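S.K.: File upload_2.cif follows (mmCIF, C-alpha atoms):
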data_protein
loop_
_atom_site.label_atom_id
_atom_site.label_comp_id
_atom_site.auth_asym_id
_atom_site.auth_seq_id
_atom_site.Cartn_x
_atom_site.Cartn_y
_atom_site.Cartn_z
CA MET R 1 0.00 0.00 0.00
CA LEU R 2 1.19 3.47 -0.81
CA SER R 3 1.26 6.23 1.75
CA GLU R 4 -0.55 9.52 1.19
CA ALA R 5 2.81 11.12 0.41
CA ASP R 6 3.61 8.42 -2.14
CA ARG R 7 0.25 8.78 -3.82
CA ALA R 8 0.77 12.53 -4.01
CA ALA R 9 4.24 12.00 -5.47
CA ALA R 10 2.86 9.58 -8.06
CA ASN R 11 0.19 12.06 -9.01
CA ARG R 12 2.77 14.83 -9.44
CA LEU R 13 4.97 12.61 -11.57
CA LEU R 14 2.21 11.39 -13.83
CA SER R 15 0.77 14.89 -14.11
CA GLY R 16 4.15 16.12 -15.23
CA ALA R 17 4.40 13.33 -17.76
CA ALA R 18 0.97 14.29 -19.05
CA SER R 19 1.74 17.91 -19.84
CA ASP R 20 4.69 20.16 -20.48
CA GLY R 21 6.09 19.83 -16.98
CA THR R 22 4.26 22.97 -15.83
CA ARG R 23 1.21 22.89 -13.60
CA ASP R 24 -1.65 23.21 -16.02
CA GLU R 25 -4.22 25.24 -14.11
CA LEU R 26 -5.67 26.72 -17.31
CA GLY R 27 -5.94 23.51 -19.34
CA PHE R 28 -3.44 24.05 -22.15
CA ALA R 29 -2.11 20.47 -22.06
CA PRO R 30 -4.08 19.37 -25.18
CA ILE R 31 -2.11 21.89 -27.26
CA HIS R 32 1.16 20.69 -25.81
CA PHE R 33 0.26 17.05 -26.41
CA ALA R 34 -0.90 17.52 -29.96
CA PHE R 35 2.22 19.29 -31.22
CA ALA R 36 4.74 17.41 -29.07
CA ASP R 37 3.34 14.05 -30.14
CA ARG R 38 3.33 15.12 -33.77
CA PHE R 39 6.90 16.41 -33.81
CA PHE R 40 8.43 14.04 -31.24
CA PRO R 41 6.28 10.90 -30.88
CA GLY R 42 6.91 8.65 -27.89
CA THR R 43 8.77 11.28 -25.89
CA SER R 44 7.92 12.67 -22.46
CA VAL R 45 9.18 15.42 -20.20
CA GLN R 46 9.96 12.60 -17.72
CA HIS R 47 12.46 10.92 -20.07
CA ALA R 48 15.68 11.92 -18.38
CA GLN R 49 17.82 9.08 -19.78
CA LEU R 50 17.20 7.58 -23.20
CA ARG R 51 18.91 4.24 -22.52
CA TYR R 52 16.11 3.40 -20.10
CA VAL R 53 14.06 2.19 -23.09
CA PHE R 54 16.55 -0.68 -23.40
CA PHE R 55 16.62 -1.36 -19.65
CA VAL R 56 12.83 -1.65 -19.70
CA ALA R 57 12.78 -3.93 -22.73
CA TRP R 58 15.53 -6.18 -21.33
CA SER R 59 13.67 -6.36 -18.01
CA TYR R 60 10.52 -7.61 -19.70
CA GLN R 61 12.52 -10.08 -21.77
CA GLU R 62 14.10 -11.45 -18.61
CA LEU R 63 10.77 -11.61 -16.81
CA LEU R 64 9.16 -13.45 -19.73
CA ALA R 65 11.98 -16.00 -19.80
CA SER R 66 11.52 -16.77 -16.10
CA THR R 67 7.71 -16.75 -15.99
CA VAL R 68 6.79 -18.18 -19.38
CA GLY R 69 3.25 -19.54 -19.36
CA LYS R 70 2.55 -18.10 -15.90
CA ARG R 71 0.73 -15.03 -14.70
CA PHE R 72 2.48 -11.69 -14.84
CA SER R 73 4.49 -10.97 -11.67
CA ILE R 74 4.80 -7.33 -10.71
CA ASP R 75 7.00 -8.35 -7.78
CA GLU R 76 9.55 -10.02 -10.03
CA LEU R 77 9.58 -7.02 -12.35
CA PHE R 78 10.19 -4.75 -9.36
CA GLU R 79 13.15 -6.88 -8.32
CA ILE R 80 14.69 -6.76 -11.79
CA GLU R 81 14.33 -3.00 -11.80
CA ARG R 82 15.77 -2.81 -8.30
CA ARG R 83 18.82 -4.84 -9.36
CA TYR R 84 19.79 -2.71 -12.34
CA SER R 85 18.83 0.52 -10.54
CA GLU R 86 21.17 -0.27 -7.65
CA ARG R 87 23.97 -0.88 -10.16
CA LEU R 88 23.22 2.50 -11.76
CA ILE R 89 23.27 4.15 -8.33
CA ARG R 90 26.63 2.62 -7.45
CA SER R 91 28.04 3.64 -10.84
CA ALA R 92 26.88 7.27 -10.69
CA GLU R 93 29.27 10.01 -9.59
CA THR R 94 26.38 12.04 -8.19
CA LEU R 95 22.76 11.03 -7.76
CA GLU R 96 21.09 14.43 -7.79
CA GLY R 97 20.25 15.15 -11.41
CA SER R 98 21.55 11.77 -12.55
CA GLY R 99 18.25 10.79 -14.17
CA ILE R 100 18.13 7.52 -12.20
CA SER R 101 14.46 6.82 -11.71
CA GLY R 102 13.43 6.25 -8.08
CA TRP R 103 16.95 6.47 -6.62
CA MET R 104 15.80 8.04 -3.37
CA LYS R 105 13.38 5.18 -2.73
CA TYR R 106 15.96 2.54 -3.62
CA ARG R 107 18.50 4.07 -1.25
CA ALA R 108 15.86 3.89 1.49
CA ASN R 109 15.28 0.22 0.59
CA GLU R 110 11.78 1.02 -0.63
CA ARG R 111 9.98 0.61 -3.91
CA PRO R 112 9.67 3.68 -6.09
CA VAL R 113 6.21 5.13 -6.45
CA VAL R 114 6.29 4.92 -10.26
CA ARG R 115 8.49 2.36 -12.00
CA ALA R 116 10.87 3.26 -14.80
CA SER R 117 9.02 0.79 -17.02
CA THR R 118 5.83 2.82 -16.60
CA ILE R 119 7.58 6.10 -17.39
CA TYR R 120 9.22 4.77 -20.56
CA TRP R 121 6.60 2.33 -21.85
CA THR R 122 4.98 4.91 -24.12
CA ALA R 123 8.27 5.24 -25.98
CA LEU R 124 8.46 1.49 -26.53
CA ARG R 125 4.93 1.51 -27.93
CA SER R 126 5.21 4.64 -30.06
CA TRP R 127 8.54 3.64 -31.58
CA ARG R 128 7.23 0.10 -32.18
CA MET R 129 9.96 -1.49 -30.10
CA VAL R 130 7.32 -3.77 -28.58
CA ALA R 131 5.38 -5.94 -31.00
CA PRO R 132 1.63 -6.63 -31.09
CA VAL R 133 1.08 -9.79 -29.04
CA GLY R 134 -1.74 -11.91 -27.69
CA GLY R 135 -4.00 -11.20 -30.65
CA LEU R 136 -3.83 -7.42 -30.18
CA ALA R 137 -3.80 -5.30 -33.32
CA ASP R 138 -1.28 -2.84 -31.91
CA ALA R 139 1.54 -2.78 -29.40
CA PRO R 140 0.07 -3.41 -25.92
CA THR R 141 -0.27 -1.00 -23.06
CA GLU R 142 1.24 -2.18 -19.79
CA THR R 143 -2.21 -3.27 -18.61
CA GLN R 144 -2.92 -5.17 -21.81
CA LEU R 145 0.45 -6.88 -21.68
CA ARG R 146 -0.19 -8.15 -18.16
CA SER R 147 -3.55 -9.60 -19.17
CA VAL R 148 -2.15 -11.53 -22.16
CA TRP R 149 1.06 -12.56 -20.36
CA PRO R 150 0.11 -16.26 -19.86
CA ARG R 151 -0.63 -16.50 -23.59
CA LEU R 152 2.86 -15.43 -24.63
CA GLU R 153 3.82 -19.08 -24.63
CA THR R 154 2.38 -21.10 -27.50
CA ARG R 155 2.63 -24.79 -28.29
CA GLU R 156 2.93 -26.43 -31.65
CA ASP R 157 0.54 -29.35 -32.32
CA GLY R 158 -1.53 -28.86 -29.19
CA ASP R 159 -0.76 -29.25 -25.50
CA GLN R 160 1.90 -31.92 -26.05
CA GLY R 161 3.83 -29.98 -28.66
CA GLN R 162 7.02 -27.99 -28.28
CA SER R 163 6.54 -24.65 -26.53
CA LYS R 164 7.44 -21.37 -28.18
CA VAL R 165 7.79 -18.01 -26.47
CA VAL R 166 6.48 -14.96 -28.29
CA ASP R 167 9.12 -12.42 -29.25
CA LEU R 168 8.05 -9.25 -27.45
CA PHE R 169 10.68 -7.02 -29.01
CA GLU R 170 11.56 -7.58 -32.65
CA SER R 171 15.25 -7.14 -33.54
CA LEU R 172 16.00 -5.66 -30.11
CA PRO R 173 19.74 -5.30 -29.44
CA ALA R 174 20.93 -7.90 -26.95
CA PRO R 175 21.58 -6.81 -23.37
CA PRO R 176 25.19 -6.61 -22.20
CA PRO R 177 26.62 -9.96 -21.03
CA SER R 178 26.59 -8.66 -17.45
CA TRP R 179 22.91 -7.66 -17.55
CA ARG R 180 21.78 -10.16 -14.91
CA ASN R 181 24.68 -9.44 -12.57
CA LYS R 182 23.93 -7.81 -9.23
CA THR R 183 27.14 -5.83 -9.23
CA GLY R 184 29.34 -4.08 -11.76
CA LYS R 185 29.21 -0.82 -13.61
CA LEU R 186 26.04 0.06 -15.52
CA ASP R 187 25.59 3.41 -17.23
CA PHE R 188 23.34 5.40 -19.53
CA ALA R 189 25.79 5.78 -22.42
CA LEU R 190 24.21 4.44 -25.60
CA ARG R 191 26.24 1.93 -27.56
CA SER R 192 26.59 2.49 -31.30
CA HIS R 193 24.34 -0.44 -32.24
CA GLU R 194 21.67 0.79 -29.80
CA ALA R 195 21.79 4.27 -31.33
CA SER R 196 21.50 2.82 -34.83
CA TYR R 197 18.52 0.75 -33.73
CA LEU R 198 16.74 3.85 -32.39
CA ARG R 199 17.48 5.84 -35.53
CA THR R 200 15.93 3.06 -37.58
CA LEU R 201 12.81 2.99 -35.42
CA TRP R 202 12.43 6.77 -35.42
CA ARG R 203 12.37 6.94 -39.23
CA SER R 204 8.89 5.40 -39.27
CA ALA R 205 7.55 6.60 -35.91
CA GLY R 206 5.41 9.40 -37.34
CA ARG R 207 1.77 9.45 -38.34
CA GLY R 208 0.95 6.49 -40.53
CA GLY R 209 4.52 5.24 -40.38
CA THR R 210 6.00 8.44 -41.81
CA GLN R 211 9.29 10.05 -40.80
CA PRO R 212 8.62 12.52 -37.97
CA LEU R 213 10.54 15.70 -37.25
CA LEU R 214 12.32 13.81 -34.46
CA SER R 215 13.98 11.56 -37.02
CA ARG R 216 14.77 14.31 -39.49
CA LEU R 217 16.51 16.37 -36.83
CA THR R 218 18.42 13.32 -35.62
CA GLU R 219 19.65 12.45 -39.10
CA GLN R 220 20.88 16.02 -39.59
CA GLY R 221 22.29 16.32 -36.07
CA VAL R 222 20.20 19.36 -35.16
CA THR R 223 20.38 20.22 -31.45
CA VAL R 224 20.00 24.00 -31.52
CA GLU R 225 18.74 25.83 -28.45
CA SER R 226 15.44 27.09 -29.85
CA LEU R 227 12.72 24.99 -31.42
CA TRP R 228 11.86 28.03 -33.54
CA SER R 229 15.24 28.33 -35.25
CA GLU R 230 15.62 28.38 -39.02
CA THR R 231 17.83 25.30 -38.74
CA ILE R 232 14.87 23.28 -37.51
CA ARG R 233 12.53 24.73 -40.10
CA ASP R 234 15.02 23.86 -42.85
CA ALA R 235 15.07 20.23 -41.69
CA ALA R 236 11.26 19.98 -41.52
CA THR R 237 8.80 19.08 -44.23
CA GLN R 238 6.48 21.82 -45.46
CA SER R 239 3.65 20.31 -43.42
CA ASP R 240 5.76 20.37 -40.27
CA ARG R 241 6.93 23.92 -41.00
CA ASP R 242 3.30 25.02 -41.12
CA ALA R 243 2.62 23.18 -37.86
CA LEU R 244 5.72 24.72 -36.24
CA ALA R 245 4.49 28.21 -37.13
CA LEU R 246 1.12 27.43 -35.61
CA ALA R 247 2.72 25.88 -32.51
CA GLU R 248 4.96 28.91 -31.95
CA ARG R 249 2.01 31.30 -32.01
CA ALA R 250 0.00 29.09 -29.67
CA ALA R 251 3.00 28.91 -27.31
CA SER R 252 3.02 32.70 -27.08
CA VAL R 253 -0.69 32.87 -26.24
CA VAL R 254 -0.19 30.26 -23.52
CA CYS R 255 2.76 32.20 -22.11
CA ILE R 256 0.74 35.40 -21.81
CA ALA R 257 -2.27 33.61 -20.31
CA ARG R 258 -0.14 31.86 -17.70
CA ALA R 259 1.68 35.08 -16.90
CA ALA R 260 -1.63 36.89 -16.37
CA HIS R 261 -2.85 34.02 -14.19
CA SER R 262 0.30 34.18 -12.04
CA ALA R 263 0.05 37.97 -11.74
CA LEU R 264 -3.56 37.67 -10.61
CA ILE R 265 -2.73 35.02 -8.00
CA GLU R 266 0.11 37.23 -6.81
CA ARG R 267 -2.27 40.17 -6.48
CA ARG R 268 -4.83 38.17 -4.51
CA ARG R 269 -2.15 36.74 -2.26
CA ASN R 270 -0.95 40.28 -1.59
CA ASP R 271 -4.50 41.08 -0.50
CA ASP R 272 -4.54 37.94 1.68
CA ARG R 273 -1.25 38.70 3.40
CA GLY R 274 -0.93 42.45 3.20
CA THR R 275 2.22 42.16 1.06
CA GLU R 276 3.35 44.01 -2.05
CA ASP R 277 4.99 41.37 -4.24
CA HIS R 278 5.09 42.34 -7.90
CA ARG R 279 7.53 39.97 -9.59
CA HIS R 280 4.85 38.33 -11.72
CA ALA R 281 3.09 41.63 -12.41
CA ASP R 282 6.36 43.10 -13.70
CA ALA R 283 7.02 39.99 -15.77
CA LEU R 284 3.56 40.14 -17.31
CA ARG R 285 4.25 43.52 -18.88
CA THR R 286 7.52 42.28 -20.33
CA LEU R 287 6.04 39.04 -21.64
CA ILE R 288 3.12 40.77 -23.31
CA GLU R 289 5.51 43.11 -25.07
CA GLU R 290 7.66 40.18 -26.17
CA HIS R 291 4.91 37.83 -27.31
CA GLN R 292 1.92 39.93 -28.33
CA ASP R 293 2.69 40.10 -32.06
CA MET R 294 3.15 36.35 -32.31
CA ALA R 295 0.10 35.69 -30.13
CA LEU R 296 -2.18 37.97 -32.10
CA ASP R 297 -1.10 36.29 -35.33
CA LEU R 298 -2.49 32.93 -34.18
CA ASP R 299 -5.14 31.41 -36.44
CA VAL R 300 -7.36 29.85 -33.79
CA SER R 301 -9.47 27.93 -36.30
CA ALA R 302 -6.35 26.37 -37.78
CA LEU R 303 -5.13 25.56 -34.26
CA ARG R 304 -8.35 23.73 -33.46
CA ALA R 305 -8.22 21.81 -36.75
CA GLU R 306 -4.63 20.72 -36.02
CA THR R 307 -4.94 19.91 -32.31
CA HIS R 308 -8.66 19.07 -31.91
CA ILE R 309 -8.96 21.21 -28.79
CA ASP R 310 -12.45 21.51 -27.38
CA ARG R 311 -14.74 24.49 -27.82
CA GLY R 312 -14.16 25.73 -24.28
CA LEU R 313 -10.40 26.03 -24.76
CA GLU R 314 -10.88 27.65 -28.14
CA LEU R 315 -13.14 30.33 -26.66
CA PHE R 316 -10.74 30.91 -23.77
CA ILE R 317 -7.85 31.43 -26.20
CA ARG R 318 -9.93 33.93 -28.17
CA THR R 319 -10.72 35.77 -24.93
CA VAL R 320 -7.04 36.03 -24.03
CA MET R 321 -6.15 37.26 -27.52
CA GLU R 322 -8.86 39.90 -27.40
CA TRP R 323 -7.60 41.08 -24.02
CA VAL R 324 -4.09 41.42 -25.44
CA ARG R 325 -5.37 43.17 -28.56
CA GLU R 326 -7.25 45.76 -26.54
CA ARG R 327 -4.29 46.30 -24.16
CA SER R 328 -6.67 46.11 -21.23
CA PRO R 329 -5.62 46.04 -17.55
CA LEU R 330 -5.35 42.79 -15.60
CA ASN R 331 -8.78 43.31 -14.04
CA ALA R 332 -10.38 42.95 -17.46
CA ILE R 333 -9.22 39.32 -17.81
CA SER R 334 -9.69 38.44 -14.13
CA ALA R 335 -13.19 36.96 -14.46
CA ALA R 336 -12.25 34.80 -17.44
CA LEU R 337 -9.13 33.46 -15.71
CA THR R 338 -11.02 32.73 -12.50
CA LEU R 339 -13.86 30.96 -14.31
CA ARG R 340 -11.47 28.91 -16.44
CA GLU R 341 -9.40 27.69 -13.48
CA ARG R 342 -12.48 27.00 -11.36
CA GLU R 343 -14.06 24.94 -14.16
CA LEU R 344 -10.93 22.80 -14.34
CA LYS R 345 -9.87 22.61 -10.70
CA GLY R 346 -13.02 23.27 -8.71
CA ALA R 347 -12.44 24.33 -5.12
CA ARG R 348 -8.71 23.66 -5.53
CA ALA R 349 -8.32 26.59 -7.93
CA TYR R 350 -5.73 29.07 -6.63
CA LEU R 351 -7.84 32.05 -7.61
CA VAL R 352 -10.72 30.95 -5.35
CA ASN R 353 -8.83 29.14 -2.58
CA GLU R 354 -6.97 31.36 -0.14
CA ARG R 355 -5.48 28.39 1.70
CA ARG R 356 -3.87 27.00 -1.46
CA ARG R 357 -2.48 30.44 -2.31
CA ARG R 358 -0.48 30.43 0.92
CA ASP R 359 1.95 27.85 -0.46
CA TRP R 360 1.79 28.98 -4.07
CA GLY R 361 5.11 29.54 -5.75
CA LYS R 362 5.82 29.56 -9.42
CA ALA R 363 8.55 30.58 -11.81
CA ILE R 364 7.96 33.28 -14.38
CA ALA R 365 5.78 32.01 -17.23
CA THR R 366 7.46 30.71 -20.38
CA PRO R 367 6.06 29.61 -23.75
CA LEU R 368 5.26 25.96 -24.37
CA ASP R 369 8.40 24.15 -25.54
CA TYR R 370 6.73 20.92 -26.71
CA ARG R 371 9.42 18.78 -24.98
CA TRP R 372 12.23 20.21 -27.11
CA PRO R 373 14.74 20.49 -24.20
CA VAL R 374 14.31 16.76 -23.52
CA VAL R 375 14.30 15.82 -27.20
CA ARG R 376 17.44 17.76 -28.08
CA GLU R 377 19.29 15.82 -25.37
CA MET R 378 17.99 12.56 -26.84
CA ILE R 379 19.22 13.57 -30.27
CA ALA R 380 22.61 14.55 -28.87
CA ARG R 381 22.99 11.18 -27.12
CA VAL R 382 22.10 9.25 -30.27
CA ARG R 383 24.45 11.30 -32.42
CA GLU R 384 27.31 10.90 -29.95
CA ALA R 385 26.94 7.13 -30.03
CA SER R 386 26.43 6.79 -33.78
#
Render the structure in this file as structure tokens.

M.R.:
Amino acid sequence: MLSEADRAAANRLLSGAASDGTRDELGFAPIHFAFADRFFPGTSVQHAQLRYVFFVAWSYQELLASTVGKRFSIDELFEIERRYSERLIRSAETLEGSGISGWMKYRANERPVVRASTIYWTALRSWRMVAPVGGLADAPTETQLRSVWPRLETREDGDQGQSKVVDLFESLPAPPPSWRNKTGKLDFALRSHEASYLRTLWRSAGRGGTQPLLSRLTEQGVTVESLWSETIRDAATQSDRDALALAERAASVVCIARAAHSALIERRRNDDRGTEDHRHADALRTLIEEHQDMALDLDVSALRAETHIDRGLELFIRTVMEWVRERSPLNAISAALTLRERELKGARAYLVNERRRRDWGKAIATPLDYRWPVVREMIARVREAS
């Protein structure tokens, strides 16, 4: 059983994996998802170390070999993950910022709240590392895989025939010879054959098996700082260039909306506490000046067609754009921001909950980045190993 603190930690982790890593009080995650999944399928803001996709695959291979024909064992999977995680911990120079999933729990001789295999399974599915099994038409989710686990062993010529274990991962690079050892160095550095394998998978990871921007940038070695650079546009197809232009404008609208939301929370907390903080209010003016031209150039109808956002989010975006266009004071957008957050968060909304505002703390708003900081590190690791 998980403690309340563990459940809260799991919720924070999965919430972060489900958006752009920023608390999504205003409901912009669908925009982030749509563009990030188009440009960089299978990625997540929680993917700190790319080689985990192999650790996860090798773990399932090992588990299948030891439990063939039996029910799925979460306990055995936990122990495999514990074994390789402890080797990673002992091999790391520093643990803070190492990207080792669950290291604090392992050091305390506890199970992590969310397993590495859960964090990275989407990548295995999206990149088609894991094959359709058990009669499924597509690669299984973790839940589906557990349900079909006993059927991953088949027998030729009936019950008395020779058994055959389904190949979960087609053409997967073999684990290192020391994989099942309890001790010895284990690291996140991709090997050249692993990098080549990923590059091959990425070439057909886009919509309908097409080559996504992720693959194009990898093949050209593009790891520039900004997703909006000409270098990235030059590597993209015309369709992706159009989507990038739309994504950049949407990112600016989101930045302004979040900045206004933070400034309004700051103002209400000042009223609560009798303080005069103005960091977010000052930032709002700067961010509007920086992003207003891009934000006002957003084609909202085209955005909805591309991302399939709901009508409520579309109307909220139009409201924010109109507020920017009219250069109105913060009070003019206050009701819309309060209503939007309350619709999404209920009584937990910061703008209506004085108690929650007491512990509120947030960095200055930034545009959506669609996972590019994580992705550019992935590309760099693959290129280094290739």

S.K.: In Å, with one decimal, what is the gap from CA of Ser98 in chain R to CA of Gly42 in chain R?

M.R.: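 Going from CA of Ser98 in chain R over to CA of Gly42 in chain R covers 21.4 Å.
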
S.K.: Quick one: apply the PyMOL selection byres ((chain R and resi 293-308) around 12) to the file and drop the selected residues here as a PyMOL selection string.

M.R.: chain R and resi 28-38+239-240+242-257+287-292+309-327+367

S.K.: For a cutoff of 6 Å around the file-coordinate point (24.7, -2.0, -11.0), which residues qualify once you count all atoms listed in the file? I'd like the result as an mmCIF file with C-alpha atoms, in the coordinates of the input.

M.R.:
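Written out: part.cif:
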data_model
loop_
_atom_site.group_PDB
_atom_site.id
_atom_site.type_symbol
_atom_site.label_atom_id
_atom_site.label_comp_id
_atom_site.auth_asym_id
_atom_site.auth_seq_id
_atom_site.Cartn_x
_atom_site.Cartn_y
_atom_site.Cartn_z
ATOM 1 C CA TYR R 84 19.790 -2.710 -12.340
ATOM 2 C CA GLU R 86 21.170 -0.270 -7.650
ATOM 3 C CA ARG R 87 23.970 -0.880 -10.160
ATOM 4 C CA LEU R 88 23.220 2.500 -11.760
ATOM 5 C CA THR R 183 27.140 -5.830 -9.230
ATOM 6 C CA GLY R 184 29.340 -4.080 -11.760
ATOM 7 C CA LYS R 185 29.210 -0.820 -13.610
ATOM 8 C CA LEU R 186 26.040 0.060 -15.520
#

S.K.: Name the residues that the PyMOL selection byres ((chain R and resi 355-366) around 7) pulls out of this structure, and write them as a list of chain:residue names.

M.R.: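 Checking the PyMOL selection byres ((chain R and resi 355-366) around 7) against this file, the residues are R:Cys255, R:Arg258, R:Ala259, R:Arg269, R:His280, R:Ala283, R:Tyr350, R:Asn353, R:Glu354, R:Pro367, R:Leu368.
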
S.K.: Leaving out Glu225 in chain R and any residue of its chain fewer than 4 positions from it, which residues lie within 9 Å of it when counting all atoms listed in the file, given as a PyMOL selection string?

M.R.: chain R and resi 229+372-373+376

S.K.: Taking into account all atoms listed in the file, which residue in the set R:Ser171, R:Glu81, R:Ile74, R:Arg107 is nearest to His193 in chain R?

M.R.: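 With all atoms listed in the file as the atom set, the closest residue is R:Ser171.
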